[in-house]
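Pasted below: final-v9.csv, CSV, C-alpha atoms.
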```
chain,number,residue,atom,x,y,z
A,1,MET,CA,157.4,56.0,-6.1
A,2,ILE,CA,157.8,55.0,-9.8
A,3,LEU,CA,156.4,58.1,-11.4
A,4,THR,CA,158.9,61.0,-11.7
A,5,GLU,CA,156.8,63.5,-13.6
A,6,ILE,CA,153.5,64.1,-15.3
A,7,ASP,CA,155.1,63.8,-18.7
A,8,HIS,CA,152.1,65.0,-20.6
A,9,VAL,CA,148.3,65.4,-20.8
A,10,ALA,CA,146.9,64.5,-24.2
A,11,ILE,CA,144.0,66.4,-25.5
A,12,ALA,CA,142.2,65.2,-28.7
A,13,VAL,CA,141.2,68.0,-31.0
A,14,HIS,CA,139.6,68.1,-34.5
A,15,ASP,CA,141.8,70.9,-35.8
A,16,LEU,CA,145.4,71.1,-34.6
A,17,GLU,CA,146.0,74.6,-35.9
A,18,GLU,CA,142.9,76.0,-34.3
A,19,ALA,CA,143.8,74.4,-30.9
A,20,VAL,CA,147.4,75.6,-31.1
A,21,ASN,CA,146.1,79.2,-31.9
A,22,TYR,CA,143.7,79.0,-28.9
A,23,TYR,CA,146.5,78.0,-26.5
A,24,GLN,CA,148.7,80.8,-27.9
A,25,GLN,CA,146.0,83.4,-27.5
A,26,ALA,CA,144.8,82.3,-24.1
A,27,PHE,CA,148.1,81.6,-22.5
A,28,GLY,CA,150.9,82.9,-24.7
A,29,ALA,CA,151.9,79.3,-25.2
A,30,GLU,CA,154.4,78.2,-27.9
A,31,VAL,CA,154.8,74.9,-29.6
A,32,HIS,CA,157.9,73.2,-28.4
A,33,HIS,CA,157.8,70.1,-30.6
A,34,ARG,CA,155.6,68.9,-33.4
A,35,GLU,CA,155.5,65.4,-34.8
A,36,VAL,CA,153.4,63.0,-37.0
A,37,VAL,CA,153.4,59.5,-35.6
A,38,GLU,CA,152.4,57.4,-38.5
A,39,ARG,CA,152.1,54.2,-36.5
A,40,ASP,CA,149.5,55.7,-34.2
A,41,GLY,CA,147.8,57.8,-36.9
A,42,VAL,CA,148.2,61.1,-35.0
A,43,GLU,CA,149.8,64.4,-35.3
A,44,GLU,CA,150.9,66.1,-32.0
A,45,ALA,CA,151.8,69.6,-31.0
A,46,LEU,CA,153.6,69.7,-27.6
A,47,ILE,CA,153.4,72.8,-25.5
A,48,LYS,CA,155.9,72.8,-22.7
A,49,VAL,CA,154.7,73.7,-19.2
A,50,ALA,CA,157.6,73.6,-16.7
A,51,ASP,CA,158.9,70.1,-17.1
A,52,SER,CA,155.6,68.7,-18.5
A,53,TYR,CA,153.8,69.0,-21.8
A,54,ILE,CA,150.3,69.7,-23.0
A,55,GLN,CA,150.0,67.3,-26.0
A,56,LEU,CA,147.4,68.6,-28.5
A,57,THR,CA,146.6,65.6,-30.7
A,58,THR,CA,144.6,65.1,-33.9
A,59,ALA,CA,144.0,62.1,-36.2
A,60,THR,CA,145.9,61.7,-39.5
A,61,ARG,CA,143.6,58.9,-40.7
A,62,ASP,CA,140.0,57.8,-40.1
A,63,ASP,CA,140.9,54.5,-38.5
A,64,SER,CA,143.3,55.6,-35.9
A,65,PRO,CA,142.3,55.3,-32.2
A,66,ILE,CA,142.2,59.1,-31.9
A,67,ALA,CA,139.9,59.4,-34.9
A,68,LYS,CA,137.5,56.9,-33.2
A,69,PHE,CA,137.7,58.7,-29.9
A,70,LEU,CA,136.9,62.0,-31.6
A,71,GLN,CA,134.0,60.4,-33.5
A,72,THR,CA,132.4,58.9,-30.4
A,73,ARG,CA,133.3,61.2,-27.5
A,74,GLY,CA,134.3,64.5,-29.3
A,75,GLU,CA,137.2,66.7,-28.3
A,76,GLY,CA,138.7,66.5,-24.8
A,77,LEU,CA,141.1,64.8,-22.5
A,78,HIS,CA,142.4,61.6,-24.1
A,79,HIS,CA,145.1,60.1,-21.9
A,80,ILE,CA,147.8,60.9,-19.3
A,81,GLY,CA,151.4,60.2,-19.8
A,82,TYR,CA,153.5,59.4,-16.6
A,83,ARG,CA,157.2,59.7,-16.9
A,84,VAL,CA,159.2,56.8,-15.5
A,85,GLN,CA,162.9,55.9,-15.4
A,86,ASN,CA,162.4,52.4,-16.7
A,87,CYS,CA,159.3,51.7,-18.9
A,88,GLN,CA,159.6,47.9,-18.8
A,89,ALA,CA,159.9,47.8,-15.0
A,90,ALA,CA,157.0,50.3,-14.6
A,91,LEU,CA,154.8,48.2,-17.0
A,92,GLN,CA,155.5,45.1,-15.0
A,93,ALA,CA,154.7,46.8,-11.7
A,94,MET,CA,151.3,48.0,-13.2
A,95,ILE,CA,150.6,44.5,-14.5
A,96,ASP,CA,151.4,43.0,-11.1
A,97,ALA,CA,148.9,45.5,-9.6
A,98,GLY,CA,146.1,44.3,-12.0
A,99,ALA,CA,146.5,46.7,-14.9
A,100,ARG,CA,145.6,45.5,-18.5
A,101,PRO,CA,148.4,46.4,-20.8
A,102,ILE,CA,147.7,47.5,-24.4
A,103,ASP,CA,151.4,47.2,-25.2
A,104,GLU,CA,152.8,43.9,-23.8
A,105,VAL,CA,156.3,45.3,-24.3
A,106,PRO,CA,157.5,48.9,-24.5
A,107,ARG,CA,157.7,50.4,-28.0
A,108,PRO,CA,158.9,53.7,-29.6
A,109,GLY,CA,156.9,56.8,-28.8
A,110,SER,CA,157.2,60.4,-30.1
A,111,ARG,CA,160.2,62.5,-29.2
A,112,GLY,CA,162.4,59.4,-29.2
A,113,THR,CA,160.8,58.1,-26.1
A,114,THR,CA,160.0,54.5,-25.1
A,115,VAL,CA,156.4,54.0,-24.2
A,116,ALA,CA,153.7,51.5,-23.2
A,117,PHE,CA,150.0,52.2,-23.0
A,118,ILE,CA,147.7,50.7,-20.4
A,119,HIS,CA,144.0,50.1,-21.0
A,120,PRO,CA,141.5,52.3,-19.2
A,121,LYS,CA,139.7,49.1,-18.0
A,122,GLY,CA,141.6,48.1,-14.9
A,123,SER,CA,142.9,51.6,-14.3
A,124,HIS,CA,139.8,53.4,-13.2
A,125,GLY,CA,138.8,54.5,-16.7
A,126,THR,CA,142.0,56.3,-17.4
A,127,LEU,CA,144.1,55.5,-20.5
A,128,ILE,CA,147.7,55.7,-19.1
A,129,GLU,CA,150.9,56.0,-21.1
A,130,LEU,CA,154.2,55.2,-19.4
A,131,VAL,CA,157.0,57.3,-20.9
A,132,GLU,CA,160.7,56.7,-20.6
A,133,GLU,CA,162.8,59.5,-22.1
B,1,MET,CA,153.5,82.2,-21.1
B,2,ILE,CA,150.8,82.3,-18.3
B,3,LEU,CA,151.0,78.7,-17.3
B,4,THR,CA,153.7,77.8,-14.8
B,5,GLU,CA,153.0,74.2,-14.1
B,6,ILE,CA,150.4,71.4,-14.7
B,7,ASP,CA,149.0,71.8,-11.2
B,8,HIS,CA,147.0,68.6,-11.4
B,9,VAL,CA,145.1,66.1,-13.5
B,10,ALA,CA,141.7,65.2,-12.0
B,11,ILE,CA,140.5,61.7,-12.3
B,12,ALA,CA,136.9,60.9,-11.3
B,13,VAL,CA,136.5,57.5,-9.5
B,14,HIS,CA,133.7,55.7,-7.9
B,15,ASP,CA,135.6,54.5,-4.9
B,16,LEU,CA,138.4,56.7,-3.6
B,17,GLU,CA,140.0,54.0,-1.3
B,18,GLU,CA,140.1,51.5,-4.2
B,19,ALA,CA,141.7,54.1,-6.5
B,20,VAL,CA,144.2,55.2,-3.9
B,21,ASN,CA,145.1,51.5,-3.3
B,22,TYR,CA,145.6,50.9,-7.0
B,23,TYR,CA,148.0,53.9,-7.3
B,24,GLN,CA,149.8,52.7,-4.3
B,25,GLN,CA,150.2,49.2,-5.6
B,26,ALA,CA,151.0,50.1,-9.2
B,27,PHE,CA,153.4,53.0,-8.5
B,28,GLY,CA,154.3,53.1,-4.8
B,29,ALA,CA,152.4,56.3,-4.7
B,30,GLU,CA,151.4,58.0,-1.4
B,31,VAL,CA,148.6,60.4,-0.6
B,32,HIS,CA,150.0,63.9,0.0
B,33,HIS,CA,146.8,65.7,0.9
B,34,ARG,CA,143.2,64.7,1.3
B,35,GLU,CA,140.2,67.0,1.5
B,36,VAL,CA,136.4,67.1,1.3
B,37,VAL,CA,135.3,70.2,-0.6
B,38,GLU,CA,131.6,70.5,0.5
B,39,ARG,CA,130.9,73.4,-1.9
B,40,ASP,CA,131.8,71.2,-4.9
B,41,GLY,CA,130.5,67.9,-3.4
B,42,VAL,CA,133.8,66.1,-3.8
B,43,GLU,CA,136.4,64.3,-1.8
B,44,GLU,CA,139.9,64.5,-3.2
B,45,ALA,CA,143.1,62.5,-2.6
B,46,LEU,CA,146.2,64.2,-4.0
B,47,ILE,CA,149.2,62.2,-5.1
B,48,LYS,CA,152.3,64.3,-5.6
B,49,VAL,CA,154.3,63.7,-8.8
B,50,ALA,CA,157.3,66.1,-8.9
B,51,ASP,CA,155.7,69.5,-8.6
B,52,SER,CA,152.3,68.3,-9.9
B,53,TYR,CA,149.4,66.3,-8.5
B,54,ILE,CA,147.2,63.4,-9.6
B,55,GLN,CA,143.9,64.3,-8.0
B,56,LEU,CA,141.7,61.3,-7.5
B,57,THR,CA,138.2,62.6,-7.0
B,58,THR,CA,134.9,61.1,-6.0
B,59,ALA,CA,131.4,62.5,-5.3
B,60,THR,CA,130.1,63.2,-1.7
B,61,ARG,CA,126.5,63.8,-2.9
B,62,ASP,CA,124.4,62.6,-5.8
B,63,ASP,CA,123.8,66.1,-7.3
B,64,SER,CA,127.4,67.2,-7.5
B,65,PRO,CA,129.0,67.7,-10.9
B,66,ILE,CA,131.4,64.8,-10.3
B,67,ALA,CA,128.4,62.5,-9.5
B,68,LYS,CA,126.7,63.5,-12.8
B,69,PHE,CA,130.0,63.0,-14.7
B,70,LEU,CA,130.4,59.5,-13.1
B,71,GLN,CA,126.7,58.6,-13.9
B,72,THR,CA,127.0,59.7,-17.6
B,73,ARG,CA,130.6,59.0,-18.6
B,74,GLY,CA,131.9,56.7,-15.9
B,75,GLU,CA,135.3,56.9,-14.3
B,76,GLY,CA,138.1,58.7,-16.1
B,77,LEU,CA,139.9,62.0,-16.8
B,78,HIS,CA,137.7,64.8,-15.6
B,79,HIS,CA,139.7,68.1,-15.8
B,80,ILE,CA,143.1,69.6,-16.0
B,81,GLY,CA,144.3,72.2,-13.5
B,82,TYR,CA,146.9,74.7,-14.8
B,83,ARG,CA,148.9,76.6,-12.2
B,84,VAL,CA,149.1,80.4,-12.8
B,85,GLN,CA,150.6,83.2,-10.8
B,86,ASN,CA,147.5,85.4,-10.9
B,87,CYS,CA,144.1,83.6,-11.3
B,88,GLN,CA,142.2,86.8,-12.1
B,89,ALA,CA,144.6,87.9,-14.8
B,90,ALA,CA,144.7,84.4,-16.4
B,91,LEU,CA,140.9,84.1,-16.3
B,92,GLN,CA,140.7,87.5,-18.1
B,93,ALA,CA,143.2,86.4,-20.7
B,94,MET,CA,141.2,83.2,-21.4
B,95,ILE,CA,138.0,85.2,-21.7
B,96,ASP,CA,139.7,87.6,-24.1
B,97,ALA,CA,140.7,84.5,-26.2
B,98,GLY,CA,137.1,83.3,-26.4
B,99,ALA,CA,136.8,81.0,-23.4
B,100,ARG,CA,133.5,80.6,-21.5
B,101,PRO,CA,134.1,80.9,-17.8
B,102,ILE,CA,132.1,78.8,-15.3
B,103,ASP,CA,133.4,81.0,-12.5
B,104,GLU,CA,133.1,84.7,-13.5
B,105,VAL,CA,135.4,85.6,-10.6
B,106,PRO,CA,138.1,83.5,-8.9
B,107,ARG,CA,136.9,81.6,-5.8
B,108,PRO,CA,138.5,79.4,-3.1
B,109,GLY,CA,139.6,75.9,-4.1
B,110,SER,CA,141.1,73.0,-2.2
B,111,ARG,CA,144.6,73.3,-0.4
B,112,GLY,CA,143.9,77.0,0.2
B,113,THR,CA,144.2,77.8,-3.5
B,114,THR,CA,142.3,80.4,-5.5
B,115,VAL,CA,140.7,78.9,-8.6
B,116,ALA,CA,138.4,79.5,-11.6
B,117,PHE,CA,136.9,76.8,-13.8
B,118,ILE,CA,136.5,77.3,-17.6
B,119,HIS,CA,133.7,75.5,-19.6
B,120,PRO,CA,134.8,72.7,-22.0
B,121,LYS,CA,132.8,74.4,-24.7
B,122,GLY,CA,135.0,77.0,-26.1
B,123,SER,CA,138.2,75.2,-24.9
B,124,HIS,CA,138.3,72.2,-27.2
B,125,GLY,CA,136.2,70.0,-25.0
B,126,THR,CA,138.5,70.3,-22.0
B,127,LEU,CA,137.3,71.4,-18.6
B,128,ILE,CA,140.1,73.7,-17.4
B,129,GLU,CA,140.8,74.9,-13.8
B,130,LEU,CA,143.1,77.8,-13.3
B,131,VAL,CA,144.9,77.4,-9.9
B,132,GLU,CA,146.7,80.1,-8.0
B,133,GLU,CA,148.6,78.8,-4.9
```
Spell out the structure here as structure tokens.
Amino acid sequence: MILTEIDHVAIAVHDLEEAVNYYQQAFGAEVHHREVVERDGVEEALIKVADSYIQLTTATRDDSPIAKFLQTRGEGLHHIGYRVQNCQAALQAMIDAGARPIDEVPRPGSRGTTVAFIHPKGSHGTLIELVEE
Amino acid sequence: MILTEIDHVAIAVHDLEEAVNYYQQAFGAEVHHREVVERDGVEEALIKVADSYIQLTTATRDDSPIAKFLQTRGEGLHHIGYRVQNCQAALQAMIDAGARPIDEVPRPGSRGTTVAFIHPKGSHGTLIELVEE
């Protein structure tokens, strides 16, 4: 089994402060890590739940993929990040199983991770991120 | 912090066998638990990842909420299940924070759990399930 953990579930939101406040009020949750990822045009607030994260994510520019998602689908579940020991090997295993990679080779993600995204088409409608810590 | 684990991420799929096969081929994943939940009109296949589950879910009748989701939005991420120690208390905390409950009181879920669903409206577009094992 290649997957070692649900690394994170990413939720696209319009207003990051408002979403963080809601998770604080509803669950007593605290932000564990916060980061702007310029390359992807996103700002993330990570809430730690056991050894996984809820990744509240908003757009930092109008042409980022998250901005387009928010415009067309509105707020909600955006992608799932699966933790793996070796991103390159996991990416190859997915491609061998018929997946369509968005990233042909692993690249830097947030938190110093190495990641690769897989297109929802070919993976039962789910945008998947492979995350190597 | 009320949340103790990401209990599961639910993915709506048209064909459960095909989806299970894909997860087996891509990740070497095995089905840990399988259940038809007549009340909700779903069949689930649970893949264990550390202490969480990927819940592949399909409809068993045309008028179930999952069937309507598949008809309007297609396959993809459907909801997130957060594990809690006390479903009733967590539900009340969410209501106090402004959430809109679908289940006013906790009810039986799959795997012998006690669950309550929270409407996406009021929770930043995310259908949330509180899960007490």
How close does segment 32-85 of chain A get to segment 106-120 of chain B? List, as JSON lines, each residue of segment 32-85 of chain A within 12 Å, its nearest atom pair and the distance in Å to one decimal, counting all atoms listed in the file.
```
{"residue": "A:Gly74", "atom": "CA", "partner": "B:Pro120", "partner_atom": "CA", "distance": 11.0}
{"residue": "A:Glu75", "atom": "CA", "partner": "B:Pro120", "partner_atom": "CA", "distance": 9.0}
{"residue": "A:Gly76", "atom": "CA", "partner": "B:Pro120", "partner_atom": "CA", "distance": 7.8}
{"residue": "A:Leu77", "atom": "CA", "partner": "B:Pro120", "partner_atom": "CA", "distance": 10.1}
```
Where does chain B end up after superposition onto chain A over all in-order Cα pairs? Give it as a short mmCIF file (atom, residue, chain, number, x, y, z; two decimals) with C-alpha atoms, in the frame of the given file.
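Result written to superposed-v5.cif:
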```cif
data_model
loop_
_atom_site.label_atom_id
_atom_site.label_comp_id
_atom_site.auth_asym_id
_atom_site.auth_seq_id
_atom_site.Cartn_x
_atom_site.Cartn_y
_atom_site.Cartn_z
CA MET B 1 157.44 55.97 -6.09
CA ILE B 2 157.79 54.98 -9.83
CA LEU B 3 156.42 58.13 -11.31
CA THR B 4 158.87 60.99 -11.73
CA GLU B 5 156.83 63.55 -13.54
CA ILE B 6 153.45 64.07 -15.34
CA ASP B 7 155.10 63.77 -18.74
CA HIS B 8 152.05 65.05 -20.58
CA VAL B 9 148.29 65.39 -20.75
CA ALA B 10 146.89 64.46 -24.19
CA ILE B 11 144.03 66.42 -25.52
CA ALA B 12 142.27 65.18 -28.68
CA VAL B 13 141.19 68.01 -31.08
CA HIS B 14 139.64 68.16 -34.43
CA ASP B 15 141.79 70.90 -35.79
CA LEU B 16 145.36 71.13 -34.53
CA GLU B 17 146.05 74.70 -35.91
CA GLU B 18 142.86 76.02 -34.25
CA ALA B 19 143.81 74.39 -30.93
CA VAL B 20 147.38 75.60 -31.08
CA ASN B 21 146.07 79.15 -31.85
CA TYR B 22 143.71 79.04 -28.90
CA TYR B 23 146.54 78.03 -26.49
CA GLN B 24 148.64 80.72 -27.92
CA GLN B 25 146.02 83.37 -27.52
CA ALA B 26 144.75 82.29 -24.10
CA PHE B 27 148.14 81.60 -22.47
CA GLY B 28 150.96 82.91 -24.68
CA ALA B 29 151.87 79.34 -25.17
CA GLU B 30 154.37 78.20 -27.87
CA VAL B 31 154.77 74.89 -29.63
CA HIS B 32 157.92 73.13 -28.40
CA HIS B 33 157.83 70.07 -30.63
CA ARG B 34 155.58 68.85 -33.38
CA GLU B 35 155.46 65.36 -34.84
CA VAL B 36 153.38 63.02 -37.01
CA VAL B 37 153.43 59.52 -35.53
CA GLU B 38 152.32 57.39 -38.57
CA ARG B 39 152.16 54.16 -36.51
CA ASP B 40 149.51 55.69 -34.22
CA GLY B 41 147.82 57.86 -36.92
CA VAL B 42 148.27 61.08 -35.01
CA GLU B 43 149.84 64.47 -35.33
CA GLU B 44 150.95 66.02 -32.08
CA ALA B 45 151.85 69.59 -31.03
CA LEU B 46 153.62 69.74 -27.67
CA ILE B 47 153.37 72.79 -25.46
CA LYS B 48 155.93 72.84 -22.68
CA VAL B 49 154.67 73.72 -19.18
CA ALA B 50 157.59 73.58 -16.70
CA ASP B 51 158.91 70.07 -17.11
CA SER B 52 155.61 68.72 -18.51
CA TYR B 53 153.77 68.91 -21.82
CA ILE B 54 150.23 69.63 -23.03
CA GLN B 55 149.99 67.38 -26.05
CA LEU B 56 147.39 68.55 -28.49
CA THR B 57 146.60 65.62 -30.71
CA THR B 58 144.59 65.10 -33.85
CA ALA B 59 143.98 62.14 -36.20
CA THR B 60 145.92 61.68 -39.55
CA ARG B 61 143.62 58.83 -40.72
CA ASP B 62 140.02 57.86 -40.12
CA ASP B 63 140.82 54.44 -38.54
CA SER B 64 143.24 55.63 -35.91
CA PRO B 65 142.29 55.38 -32.25
CA ILE B 66 142.24 59.17 -31.90
CA ALA B 67 139.80 59.40 -34.89
CA LYS B 68 137.45 56.86 -33.22
CA PHE B 69 137.74 58.73 -29.88
CA LEU B 70 136.90 62.06 -31.66
CA GLN B 71 133.92 60.42 -33.54
CA THR B 72 132.44 58.87 -30.32
CA ARG B 73 133.32 61.28 -27.51
CA GLY B 74 134.34 64.46 -29.28
CA GLU B 75 137.24 66.66 -28.35
CA GLY B 76 138.67 66.46 -24.84
CA LEU B 77 141.11 64.78 -22.44
CA HIS B 78 142.32 61.60 -24.04
CA HIS B 79 145.18 60.15 -21.88
CA ILE B 80 147.73 60.92 -19.28
CA GLY B 81 151.42 60.18 -19.82
CA TYR B 82 153.46 59.44 -16.65
CA ARG B 83 157.22 59.74 -16.93
CA VAL B 84 159.17 56.76 -15.46
CA GLN B 85 162.83 55.92 -15.39
CA ASN B 86 162.41 52.38 -16.70
CA CYS B 87 159.31 51.71 -18.92
CA GLN B 88 159.68 47.92 -18.74
CA ALA B 89 159.93 47.83 -14.97
CA ALA B 90 156.95 50.24 -14.53
CA LEU B 91 154.83 48.28 -17.01
CA GLN B 92 155.59 45.10 -14.99
CA ALA B 93 154.67 46.80 -11.75
CA MET B 94 151.32 47.96 -13.20
CA ILE B 95 150.60 44.47 -14.48
CA ASP B 96 151.42 43.03 -11.07
CA ALA B 97 148.85 45.53 -9.60
CA GLY B 98 146.12 44.32 -11.95
CA ALA B 99 146.47 46.64 -14.93
CA ARG B 100 145.66 45.47 -18.48
CA PRO B 101 148.43 46.46 -20.82
CA ILE B 102 147.69 47.51 -24.43
CA ASP B 103 151.38 47.22 -25.22
CA GLU B 104 152.76 43.93 -23.78
CA VAL B 105 156.29 45.25 -24.34
CA PRO B 106 157.55 48.85 -24.44
CA ARG B 107 157.72 50.36 -27.96
CA PRO B 108 158.95 53.64 -29.52
CA GLY B 109 156.87 56.77 -28.91
CA SER B 110 157.15 60.34 -30.10
CA ARG B 111 160.29 62.57 -29.22
CA GLY B 112 162.44 59.42 -29.24
CA THR B 113 160.79 58.11 -26.08
CA THR B 114 160.07 54.51 -25.14
CA VAL B 115 156.43 54.02 -24.15
CA ALA B 116 153.72 51.51 -23.17
CA PHE B 117 149.99 52.22 -23.07
CA ILE B 118 147.73 50.71 -20.34
CA HIS B 119 143.96 50.01 -20.98
CA PRO B 120 141.44 52.26 -19.16
CA LYS B 121 139.71 49.14 -17.96
CA GLY B 122 141.52 48.07 -14.94
CA SER B 123 142.91 51.62 -14.30
CA HIS B 124 139.80 53.47 -13.21
CA GLY B 125 138.76 54.48 -16.67
CA THR B 126 142.00 56.29 -17.44
CA LEU B 127 144.10 55.53 -20.48
CA ILE B 128 147.67 55.65 -19.12
CA GLU B 129 150.95 55.97 -21.11
CA LEU B 130 154.17 55.17 -19.39
CA VAL B 131 156.99 57.33 -20.93
CA GLU B 132 160.68 56.72 -20.62
CA GLU B 133 162.84 59.56 -22.09
#
```
| Closest to His33 of chain A among A:Lys121, A:Gly98, A:His14, A:Leu56, using all atoms listed in the file? |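 The answer is A:Leu56, which sits nearest to His33 of chain A.
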| said: Can you tell me which residues surround Val31 of chain A at a distance of at most 9 Å, considering only C-alpha atoms, apart from same-chain residues fewer than 2 positions away, and format the answer as an NGL selection string? | reply: :A and (20 or 24 or 29 or 33-34 or 45-48)
| said: Based on all atoms listed in the file, which of the residues in chain B come within 6 Å of chain A? I want them as a PyMOL selection string. | reply: chain B and resi 1-2+5+25-29+49-50+75-76+93-94+97+124-126
| Atom pair atom CA of Pro101 of chain B / atom CA of Cys87 of chain B: separation (Å) |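 Atom-to-atom, atom CA of Pro101 of chain B and atom CA of Cys87 of chain B are spaced 12.2 Å apart.
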